[in-house]
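One structure is given below, encoded as structure tokens.
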Amino acid sequence: MAAVKAPAQTSTEPLLALQGVTKRFGSLLALSDASLDIMPGEVHCILGENGAGKSTLCNLIFGVHVPDQGAMRFEGRSYHPASPADALTSGIAMVHQHFSLVHDMTVVDNVILGQQRGFVNTRAWAQRLERLANDYGFALDPNAKIDDLSVGERQRVEIVKCLIREPRLFLLDEPTAVLLPDEIGALLDICRRVAENGCAVVLVTHKLAEIKKAADRVTVLRGGRVVARSDHPAEEIDALVRAMIQGDLKSLDKSAASMLGVANGGADRAREAVPAETPPQEAVQIDGLTVVDGQGVTRLDNFTLSIGPGEIVGVAGVEGNGQSELAAVISGMAKPSGGHVYLGNVETTDLNPKELTAVGIGVVPEDRHSVGCVLEMSVAENMFLNRLGDFTSFGFLRRRELTQAARALMTRFDVRAASPEVAFSALSGGNQQKAVLAREITLPKLSFLLAAQPTRGLDVGAVAAVYGHIRAACASGAAVLLISSELDELIAVADRIVVLYRGRIMGNCTAEPSERERIGAMMAGHAQ
Amino acid sequence: MTDAAVRASMTKSRRRMLRPSIVISVAAVLAAALVGLVLIFALGVSVSEAIAAFIDGTLGTPYAIAASVNRSIAFALVGIGFVIANRANLVNVGGEGQIAVGGIAATAVALYGHVDGLPAALSFVIPLLAAVLAGMLWGSIAGILKIKAGTNEVISTLLLSFIAVWLLYWCVQSPQLLRKPMTSSATLPESLEIPEAAKLPLLTGDYSFPVHIGLPVTIVIAIVAGIVLVKTVFGLQLRAVGFNPVAAGRAGISYARMVMVSLATAGALGGLAGGFMLLGEQYVLKDGFSSGYGFDGLVAGLLARGSVVGVIAAALLFGFLRSGGINMEMVAGVPTALVMVIQGLIVVTLAGAAFFMGRRA
Amino acid sequence: MTWELFAVFVGSSLRLAVPLLLAGTGELVSERAGVLNMSIEGMMLTGAFAAAVGAWATGSPVLGLLICVVAVFPVALLQAVLSNTLRANQIVTGIGINILVLGGTTLAYREIFGARSREQIPGLEKWSPPLLGDIPVFGQAVFQQVWLLYAGLAIIALTALVLRYSSIGIVIHAAGAEPRAVDKSGISVTWVRYLGVLFAGFMSALAGAFLSIGDIHTFTEGMTRGAGYLAIAAVIFGKWTLSGTVLACLLFGAATALQFQLPTLGVDVPNALLIMLPYLLALLAVGGLAGRQTAPRALGEPYLRR
């Protein structure tokens with residue numbers, strides 16, 4: 001589909017021009033000598049894998065951070081916002097990856113925030129909101145409370161918050177990560193319409209399919225630098241990919257390639273067969289698991305699933321459809337309202353995390369910072385936090401042994417850090433995730449591994465490593481439950497896929513690319 | 001919030017850790033002392049006279065030194081309790097109440113627990129244990145509320161402190177409780193004096209230097225606490241819970257257990273302080289005997305910035321500060337409230353200074 | 001119990017609840033904006049002291065009132081700077097300020113009034129609303145109150161309107177629940193929180209003034225006696241809503257009034273237990289009911305733009 005060009009401008013002056021922009025966070029060089037132009041009325045995609053500096057770039061434009069070096073020009077004038085207030089006044093609006101909506105306020109109040117002073121005419125604003133949403137082709141209930149909205153709906157509130165200010169530049173940071181396959185198309189349409197109305201759209205993504213569909217021009221970032229540009233992205237995809245990952249698609253592991261939203265890309269690595277000497281592991285049986293939250297809403301409804309040893313079962317679905325509750329119950333962080341979980345003959349439903357670890361259940365939680373690790377403690381301490389008993393004599397910690405064991409584990413799992421003694425927070429996201437994985441996979445008799453959103457925010461290399469380790473765990477006979485909202489990754493890695501929608505299993509199927517559409521439909525709530 | 005930004009903010013905070021923090025603590029104390037001197041001058045009191053009175057009150061006689069040391073014991077115990085609880089990110093503000101209930105229990109058992117007939121040390125050990133138990137109970141109430149209802153322990157320990165102070169008032173006002181029999185209308189509201197056997201032995205046996213055995217006991221407790229916090233698995237688990245209770249829970253560390261143990265311990269130490277005060281120095285339970293001790297201990301805990309050695313140093317400082325302050329009032333006419341002003345300044349300065357050290361107080 | 005006694009009880013409850021109502025409303029706004037003010041106690045004491053000294057020095061209680069509002073400003077500003085700009089631990093700073101104020105007011109009081117601990121000070125006038133004050137039996141006992149009570153109620157009502165129907169209300173709500181939303185819509189979170197703390201200071205000063213020149217017409221050292229902490233407990237008990245806070249304060253006021261009421265009924269309960277009652281009640285309140293779920297999510301955490 002040829003990119004539709006915006007109406008020709010009288011001048012070819014860029015709307016926004018960045019020149020040599022550099023940004024450091026402590027010792028980390030997030031963005032280095034970046035220069036790019038955004039033309040009015042275009043859809044401009046910033047392409048790059050996780051950690052390339054895309055979010056930093058947006059935050060600099062939006063005034064969240066201030067560049068260390070370099071200059072920006074907006075609408076021909078020097079532009080140096082000291083805060084988001086400056087960016088907003090200049091006519092720049094942004095939708096972030098992590099929404100900043102007030103959870104217990106209504107949609108309309110969230111939009112009013114910051115827009116006016118004095119006493120508020122809620123009804124007038126509500127009407128304005130509904131009209132605006134209609135203009136861009138979607139529905140919005142102004143009086144709904146944010147708590148009650150789905151992730152996709154919340155994103156639309158964020159979008160409306162921006163559009164109601166009639167910006168001239170509209171930034172979206174990885175907006176499709178939280179959307180259903182269908183919703184992605186709708187979002188890209190909205191971007192199109194916004195651009196047609198004269199407002200430039202900057203879309204940050206790491207998905208090639210979106211580039212193909214929506215981009216007029218593309219800038220590629222890698223390691224904080226601008227490494228490629230394209231005025232005809234749909235025709236130059238291969239070159240863009242090469243620039244993004246500094247390699248060919250085919251050289252990537254299939255699962256890593258899937259992260260880029262390319263089905264069928266990458267090499268197919270055969271799964272190692274379970275060695276004959278391994279004792280048969282237990283099967284996992286989840287039976288009628290139900291979770292009703294404090295407000296009486298059923299978050300997980302009669303979830304039933306069995307996983308055989310050495311099998312990887314994927315749970316597909318957009319965030320917020322019961323995955324968090326499922327993971328919480330299995331990992332012992334929450335009690336279900338009904339149902340059971342069995343590991344072989346042992347019922348694990350009501351066991352606490354300590355007992356679950358003892359029984360051989362490992363969990364890689366979706367939120368590694370709040371649940372997976374204690375950022376302030378050292379790498380060594382984190383990697384054995386659930387097994388400190390192994391290093392205890394008469395209550396005292398055998399620190400040297402702990403450090404040595406950590407060092408060995410770090411080497412085996414390629415966790416890169418200055419030493420096992422540094423704070424866990426000093427590690428990159430990828431290394432942190434590898435460390436958490438290492439901790440869980442090396443549990444003495446690992447029979448069941450639950451990995452929730454294990455590759456979120458990781459770059460291609462780390463993604464490949466993570467799936468490599470998960471496959472290895474499988475190879476030693478563990479049953480693996482993989483929860484992910486990245487459908488392509490699940491198809492590449494899992495054996496079977498079940499789809500969660502509003503807490504219920506919509507259906508299941510084998511993990512084949514041919515099933516993609518069917519799975520997508522189930523993710524949107526169409527039972528099969 | 002990107003991973004990068006999180007990392008950057010945290011490495012910054014780890015880098016500037018303990019070494020400069022001692023400097024900040026000392027600087028805060030010196031700055032506050034300076035302000036104190038300025039205030040003394042502003043009050044029209046001769047600064048040299050005030051300082052002389054201060055020194056006399058702290059080091060003038062062996063008795064003065066001993067009194068300061070005894071006071072420091074109470075502050076040190078409350079401070080150690082504060083530090084232990086603070087490892088788990090809990091703030092125990094109820095020191096005064098815990099001392100009060102400890103004192104009540106020690107006096108009650110010493111007077112009416114028939115302890116004078118007991119062999120050897122039991123006559124004072126049993127009342128001390130009662131004090132410890134009372135304090136532990138008081139601290140545990142806050143712990144239970146925290147676990148069951150998520151109640152902010154600052155509010156609960158504070159309210160419990162007020163309740164305990166009024167309990168003390170009731171005990172010494174009511175002849176049915178601990179008030180000594182009223183022989184006339186001028187009989188003071190206080191208890192009888194505890195029997196000789198229940199009084200704590202002095203280190204030197206000499207009443208002109210009345211430092212009691214509470215001193216070595218406290219030193220031992222401090223050493224044990226220091227070792228436990230740094231070298232044991234329990235100490236590590238406490239730290240984990242303090243930093244991130246959810247992740248610690250996922251790693252199998254029981255939040256409830258950590259909260260209960262740390263608040264109960266803090267309470268127990270406060271109770272012990274009360275026991276020492278009654279059985280070692282005062283011998284008579286009076287209204288308001290715990291007044292101000294809780295906050296002094298708390299400030300000592302804050303000044304120490306998590307180090308047990310720091311608590312001892314700060315406790316000694318405040319012990320002597322209080323003695324000096326009392327003498328300054330008697331001799332030079334400088335109200336003891338000045339000492340409180342200095343303490344408040346120290347806390348506020350420390351809290352604000354944490355910003356420049358890259359971490360929160 | 002006769003109707004007269006009951007009327008007196010209601011009137012006392014109202015009177016004793018006033019400082020809590022004022023301070024509680026101020027603290028509610030501050031906590032909704034995300035700042036936990038443990039220093040309410042100190043700010044009340046500052047207000048009590050400044051109002052007493054001001055009234056005594058100028059001979060006019062109204063001037064004393066104005067002086068106390070001015071006097072609390074630096075204290076509230078200190079708390080605001082420490083909590084927001086320097087991002088210090090809010091609990092530690094609050095307690096530090098309380099210690100500082102307790103020492104400072106005691107020191108200053110001794111200096112100004114010497115050893116006399118109970119100096120008579122000109123007090124605020126009482127007032128009674130036209131019709132209500134004339135109700136037989138109830139009228140005088142219940143409605144004849146220091147005018148500051150009625151002024152305070154008016155401020156509380158105004159606060160309720162602003163919180164619910166104005167843009168400031170939305171901003172305050174957002175600052176405590178999701179400060180990033182406030183930052184990203186171009187408003188300074190720090191500015192909002194400063195406002196919250198200063199408002200809390202203003203209300204606490206009025207509360208303290210009520211204690212010294214409204215109620216007792218004197219100043220005693222540490223006269224707030226934990227009322228500030230009761231106000232904080234009231235906010236928690238009221239689940240961070242204004243109506244809940246007001247009800248909680250009235251309840252605590254009634255509990256305090258029992259101290260004077262029960263003896264007149266011939267009920268013989270030790271005085272100490274009665275004095276203890278409001279604190280016990282507050283403890284039960286925070287321990288039994290509201291909790292972490294309903295607190296504003298960002299309460300107590302200084303905001304840092306990432």
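FYI, nothing fancy with the structure tokens labels: chains A, B, ... in order, residues from 1 per chain, ligands from 1 as they appear.
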
Find the nearest atom pair between each residue of chain A and chain B for residues within 6 Å, count only C-alpha atoms, give distances in Å to one decimal, sort rows by chain and ascending number, and present the table as a Markdown table.
| residue | atom | partner | partner_atom | distance |
| --- | --- | --- | --- | --- |
| A:Phe25 | CA | B:Ala8 | CA | 5.5 |
| A:Gly26 | CA | B:Ala8 | CA | 5.3 |
| A:Pro353 | CA | B:Gly252 | CA | 5.0 |
| A:Lys354 | CA | B:Gly252 | CA | 4.1 |
| A:Val371 | CA | B:Ala247 | CA | 4.1 |
| A:Gly372 | CA | B:Ala247 | CA | 5.6 |
| A:Cys373 | CA | B:Ala247 | CA | 5.6 |
| A:Val374 | CA | B:Asn244 | CA | 5.8 |
| A:Leu385 | CA | B:Ala251 | CA | 5.9 |
| A:Asn386 | CA | B:Ala251 | CA | 4.3 |
| A:Gly395 | CA | B:Thr232 | CA | 5.6 |
| A:Phe396 | CA | B:Thr232 | CA | 4.1 |
| A:Leu397 | CA | B:Thr232 | CA | 5.2 |
| A:Ser425 | CA | B:Arg7 | CA | 5.2 |
| A:Ala426 | CA | B:Arg7 | CA | 5.5 |

Could I get the residues of chain B with an atom no further than 6 Å from an atom of chain C, each paired with its nearest atom pair and that distance in Å to one decimal, using only C-alpha atoms, sorted by chain and residue number, as a Markdown table?
| residue | atom | partner | partner_atom | distance |
| --- | --- | --- | --- | --- |
| B:Met1 | CA | C:Arg306 | CA | 5.9 |
| B:Leu145 | CA | C:Gly287 | CA | 5.4 |
| B:Ala149 | CA | C:Gly287 | CA | 5.9 |
| B:Gly150 | CA | C:Gly291 | CA | 5.6 |
| B:Thr151 | CA | C:Gly287 | CA | 5.7 |
| B:Leu159 | CA | C:Tyr279 | CA | 5.8 |
| B:Ile163 | CA | C:Met276 | CA | 5.6 |
| B:Trp166 | CA | C:Ala272 | CA | 5.7 |
| B:Trp170 | CA | C:Ala272 | CA | 5.2 |
| B:Ala337 | CA | C:Gly103 | CA | 4.5 |
| B:Met340 | CA | C:Gly103 | CA | 4.8 |
| B:Val341 | CA | C:Leu100 | CA | 4.7 |
| B:Gly344 | CA | C:Leu100 | CA | 4.0 |
| B:Val347 | CA | C:Gly96 | CA | 5.0 |
| B:Val348 | CA | C:Gly96 | CA | 5.3 |
| B:Ala351 | CA | C:Ala88 | CA | 5.4 |
| B:Gly352 | CA | C:Ala88 | CA | 5.6 |
| B:Phe355 | CA | C:Leu86 | CA | 5.4 |
| B:Arg360 | CA | C:Ala88 | CA | 5.5 |
| B:Ala361 | CA | C:Asn89 | CA | 5.6 |

Hey, could you make a per-residue contact list for chain A against chain C with 6 Å as the cut-off, showing the nearest pair of atoms and its distance in Å to one decimal, counting only C-alpha atoms, sorted by chain and number, as JSON lines?
{"residue": "A:Pro84", "atom": "CA", "partner": "C:Gly186", "partner_atom": "CA", "distance": 5.4}
{"residue": "A:Ala85", "atom": "CA", "partner": "C:Gly186", "partner_atom": "CA", "distance": 3.6}
{"residue": "A:Ser100", "atom": "CA", "partner": "C:Ala181", "partner_atom": "CA", "distance": 4.7}
{"residue": "A:Leu101", "atom": "CA", "partner": "C:Ala181", "partner_atom": "CA", "distance": 5.8}
{"residue": "A:Val102", "atom": "CA", "partner": "C:Glu178", "partner_atom": "CA", "distance": 5.3}
{"residue": "A:Gly114", "atom": "CA", "partner": "C:Ser185", "partner_atom": "CA", "distance": 5.3}
{"residue": "A:Arg117", "atom": "CA", "partner": "C:Ser167", "partner_atom": "CA", "distance": 5.5}
{"residue": "A:Gly118", "atom": "CA", "partner": "C:Ser166", "partner_atom": "CA", "distance": 5.6}
{"residue": "A:Phe119", "atom": "CA", "partner": "C:Ser166", "partner_atom": "CA", "distance": 4.1}
{"residue": "A:Val120", "atom": "CA", "partner": "C:Ser166", "partner_atom": "CA", "distance": 5.3}

Residues just named, written with C-alpha atoms as a compact mmCIF listing (two decimals), in the first residue's frame:
# COMPACT_ATOMS: atom_id res chain seq x y z
CA PRO A 84 6.33 18.96 29.45
CA ALA A 85 4.49 22.22 30.05
CA SER A 100 -0.41 8.32 33.23
CA LEU A 101 -4.11 8.30 33.90
CA VAL A 102 -5.63 8.85 37.31
CA GLY A 114 -4.49 20.80 33.10
CA ARG A 117 -8.99 26.85 35.61
CA GLY A 118 -11.85 27.69 37.86
CA PHE A 119 -15.07 25.80 38.11
CA VAL A 120 -15.56 23.05 35.63

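For Ser140 of chain B, the list of residues within 7 Å, based on only C-alpha atoms and with local chain neighbours fewer than 3 positions off taken out, reads Met136, Leu137, Gly143, Ile144, Met260, Leu263 and Ala264 of chain B.
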
Practice problem: Could you jot down the atom CA of Lys213 of chain A to atom CA of Gly317 of chain A separation for me, Å, one decimal place? | Solution: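 Taking atom CA of Lys213 of chain A as the start and atom CA of Gly317 of chain A as the end point, the length is 22.6 Å.
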
Considering only strand (DSSP E or B) as DSSP defines it on the backbone, what residues of segment 5-80 of chain A qualify? List them as a PDB file with N, CA and C atoms, in the first residue's frame.
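Okay, out01.pdb is ready:
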ATOM      1  N   LEU A  16       9.996  19.768  12.879  1.00  0.00           N
ATOM      2  CA  LEU A  16      10.873  19.588  14.026  1.00  0.00           C
ATOM      3  C   LEU A  16      12.221  19.111  13.516  1.00  0.00           C
ATOM      4  N   ALA A  17      13.280  19.754  13.951  1.00  0.00           N
ATOM      5  CA  ALA A  17      14.617  19.344  13.528  1.00  0.00           C
ATOM      6  C   ALA A  17      15.500  19.143  14.750  1.00  0.00           C
ATOM      7  N   LEU A  18      16.115  17.941  14.835  1.00  0.00           N
ATOM      8  CA  LEU A  18      17.073  17.685  15.910  1.00  0.00           C
ATOM      9  C   LEU A  18      18.473  17.682  15.313  1.00  0.00           C
ATOM     10  N   GLN A  19      19.396  18.323  16.037  1.00  0.00           N
ATOM     11  CA  GLN A  19      20.753  18.435  15.498  1.00  0.00           C
ATOM     12  C   GLN A  19      21.761  18.003  16.563  1.00  0.00           C
ATOM     13  N   GLY A  20      22.381  16.845  16.345  1.00  0.00           N
ATOM     14  CA  GLY A  20      23.456  16.434  17.257  1.00  0.00           C
ATOM     15  C   GLY A  20      23.053  16.262  18.707  1.00  0.00           C
ATOM     16  N   VAL A  21      21.872  15.754  18.943  1.00  0.00           N
ATOM     17  CA  VAL A  21      21.367  15.661  20.318  1.00  0.00           C
ATOM     18  C   VAL A  21      21.987  14.478  21.049  1.00  0.00           C
ATOM     19  N   THR A  22      22.482  14.747  22.243  1.00  0.00           N
ATOM     20  CA  THR A  22      23.113  13.704  23.066  1.00  0.00           C
ATOM     21  C   THR A  22      22.497  13.719  24.458  1.00  0.00           C
ATOM     22  N   LYS A  23      22.294  12.534  25.028  1.00  0.00           N
ATOM     23  CA  LYS A  23      21.739  12.463  26.392  1.00  0.00           C
ATOM     24  C   LYS A  23      22.386  11.324  27.165  1.00  0.00           C
ATOM     25  N   ARG A  24      22.857  11.656  28.359  1.00  0.00           N
ATOM     26  CA  ARG A  24      23.486  10.645  29.220  1.00  0.00           C
ATOM     27  C   ARG A  24      22.666  10.466  30.484  1.00  0.00           C
ATOM     28  N   PHE A  25      22.579   9.231  30.964  1.00  0.00           N
ATOM     29  CA  PHE A  25      22.018   8.975  32.283  1.00  0.00           C
ATOM     30  C   PHE A  25      23.138   8.362  33.117  1.00  0.00           C
ATOM     31  N   LEU A  28      25.522   5.872  31.462  1.00  0.00           N
ATOM     32  CA  LEU A  28      24.913   5.284  30.268  1.00  0.00           C
ATOM     33  C   LEU A  28      24.670   6.357  29.204  1.00  0.00           C
ATOM     34  N   LEU A  29      25.176   6.122  28.011  1.00  0.00           N
ATOM     35  CA  LEU A  29      24.954   7.054  26.907  1.00  0.00           C
ATOM     36  C   LEU A  29      23.698   6.600  26.155  1.00  0.00           C
ATOM     37  N   ALA A  30      22.578   7.226  26.467  1.00  0.00           N
ATOM     38  CA  ALA A  30      21.314   6.757  25.900  1.00  0.00           C
ATOM     39  C   ALA A  30      21.133   7.213  24.449  1.00  0.00           C
ATOM     40  N   LEU A  31      21.606   8.404  24.152  1.00  0.00           N
ATOM     41  CA  LEU A  31      21.419   8.947  22.809  1.00  0.00           C
ATOM     42  C   LEU A  31      22.688   9.705  22.451  1.00  0.00           C
ATOM     43  N   SER A  32      23.209   9.445  21.262  1.00  0.00           N
ATOM     44  CA  SER A  32      24.488  10.054  20.916  1.00  0.00           C
ATOM     45  C   SER A  32      24.448  10.708  19.543  1.00  0.00           C
ATOM     46  N   ASP A  33      24.612  12.011  19.537  1.00  0.00           N
ATOM     47  CA  ASP A  33      24.718  12.762  18.288  1.00  0.00           C
ATOM     48  C   ASP A  33      23.580  12.436  17.315  1.00  0.00           C
ATOM     49  N   ALA A  34      22.356  12.510  17.804  1.00  0.00           N
ATOM     50  CA  ALA A  34      21.205  12.158  16.968  1.00  0.00           C
ATOM     51  C   ALA A  34      20.691  13.381  16.217  1.00  0.00           C
ATOM     52  N   SER A  35      20.508  13.203  14.923  1.00  0.00           N
ATOM     53  CA  SER A  35      19.934  14.282  14.115  1.00  0.00           C
ATOM     54  C   SER A  35      18.821  13.721  13.264  1.00  0.00           C
ATOM     55  N   LEU A  36      17.686  14.390  13.270  1.00  0.00           N
ATOM     56  CA  LEU A  36      16.622  13.968  12.359  1.00  0.00           C
ATOM     57  C   LEU A  36      15.652  15.114  12.091  1.00  0.00           C
ATOM     58  N   ASP A  37      14.877  14.944  11.033  1.00  0.00           N
ATOM     59  CA  ASP A  37      13.869  15.938  10.656  1.00  0.00           C
ATOM     60  C   ASP A  37      12.500  15.306  10.631  1.00  0.00           C
ATOM     61  N   ILE A  38      11.525  16.033  11.125  1.00  0.00           N
ATOM     62  CA  ILE A  38      10.131  15.599  10.981  1.00  0.00           C
ATOM     63  C   ILE A  38       9.446  16.640  10.115  1.00  0.00           C
ATOM     64  N   VAL A  43       3.638  10.805   8.629  1.00  0.00           N
ATOM     65  CA  VAL A  43       3.741   9.802   9.682  1.00  0.00           C
ATOM     66  C   VAL A  43       5.183   9.311   9.652  1.00  0.00           C
ATOM     67  N   HIS A  44       5.915   9.638  10.677  1.00  0.00           N
ATOM     68  CA  HIS A  44       7.340   9.327  10.712  1.00  0.00           C
ATOM     69  C   HIS A  44       7.581   8.278  11.779  1.00  0.00           C
ATOM     70  N   CYS A  45       8.153   7.142  11.391  1.00  0.00           N
ATOM     71  CA  CYS A  45       8.400   6.085  12.370  1.00  0.00           C
ATOM     72  C   CYS A  45       9.841   6.091  12.849  1.00  0.00           C
ATOM     73  N   ILE A  46      10.006   5.916  14.134  1.00  0.00           N
ATOM     74  CA  ILE A  46      11.345   5.733  14.697  1.00  0.00           C
ATOM     75  C   ILE A  46      11.480   4.250  14.971  1.00  0.00           C
ATOM     76  N   LEU A  47      12.391   3.613  14.270  1.00  0.00           N
ATOM     77  CA  LEU A  47      12.525   2.159  14.375  1.00  0.00           C
ATOM     78  C   LEU A  47      13.775   1.799  15.147  1.00  0.00           C
ATOM     79  N   GLN A  69      23.706  17.709  25.032  1.00  0.00           N
ATOM     80  CA  GLN A  69      24.326  18.452  23.918  1.00  0.00           C
ATOM     81  C   GLN A  69      23.354  18.504  22.770  1.00  0.00           C
ATOM     82  N   GLY A  70      23.574  19.409  21.852  1.00  0.00           N
ATOM     83  CA  GLY A  70      22.747  19.435  20.662  1.00  0.00           C
ATOM     84  C   GLY A  70      21.625  20.449  20.766  1.00  0.00           C
ATOM     85  N   ALA A  71      20.909  20.622  19.644  1.00  0.00           N
ATOM     86  CA  ALA A  71      19.856  21.624  19.611  1.00  0.00           C
ATOM     87  C   ALA A  71      18.622  21.094  18.906  1.00  0.00           C
ATOM     88  N   MET A  72      17.491  21.687  19.229  1.00  0.00           N
ATOM     89  CA  MET A  72      16.249  21.318  18.555  1.00  0.00           C
ATOM     90  C   MET A  72      15.598  22.582  18.004  1.00  0.00           C
ATOM     91  N   ARG A  73      14.951  22.444  16.858  1.00  0.00           N
ATOM     92  CA  ARG A  73      14.199  23.565  16.298  1.00  0.00           C
ATOM     93  C   ARG A  73      12.783  23.087  15.991  1.00  0.00           C
ATOM     94  N   PHE A  74      11.811  23.867  16.426  1.00  0.00           N
ATOM     95  CA  PHE A  74      10.420  23.511  16.166  1.00  0.00           C
ATOM     96  C   PHE A  74       9.752  24.680  15.474  1.00  0.00           C
ATOM     97  N   ARG A  77      11.777  27.843  14.921  1.00  0.00           N
ATOM     98  CA  ARG A  77      12.387  28.576  16.040  1.00  0.00           C
ATOM     99  C   ARG A  77      13.174  27.626  16.931  1.00  0.00           C
ATOM    100  N   SER A  78      14.123  28.167  17.653  1.00  0.00           N
ATOM    101  CA  SER A  78      14.889  27.366  18.597  1.00  0.00           C
ATOM    102  C   SER A  78      13.942  26.797  19.652  1.00  0.00           C
TER     103      SER A  78
END

Practice problem: Mind listing the alpha helix (DSSP H) residues of segment 23-156 of chain C, per DSSP on the backbone, as JSON, numbers by chain? | Solution: {"C": [23, 24, 25, 26, 27, 28, 29, 30, 31, 32, 40, 41, 42, 43, 44, 45, 46, 47, 48, 49, 50, 51, 52, 53, 54, 55, 56, 57, 58, 61, 62, 63, 64, 65, 66, 67, 68, 69, 70, 71, 72, 73, 74, 75, 76, 77, 78, 79, 80, 90, 91, 92, 93, 94, 95, 96, 97, 98, 99, 100, 101, 102, 103, 104, 105, 106, 107, 108, 109, 110, 111, 112, 113, 138, 147, 148, 149, 150, 151, 152, 153, 154, 155, 156]}

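Residues in contact with Ile194 of chain B at up to 7 Å, not including ones fewer than 3 positions away on its chain and judged by only C-alpha atoms, are Thr107, Ala110, Leu111, Ala198, Tyr283 and Val284 of chain B.
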
Quiz item: Which polymer residues have any atom within 7 Å of an atom of segment 147-149 of chain A, counting only C-alpha atoms, with same-chain residues fewer than 4 positions away left out, as a PyMOL selection string?
Solution: chain A and resi 103-104+153-154

Produce a file of the selected residues containing C-alpha atoms, as a CSV table (one decimal), in the first residue's frame.
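New file selection03.csv:
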chain,number,residue,atom,x,y,z
A,103,HIS,CA,-7.1,5.5,38.0
A,104,ASP,CA,-10.0,6.5,40.2
A,153,GLU,CA,-9.7,1.9,25.9
A,154,ARG,CA,-7.2,3.6,28.2
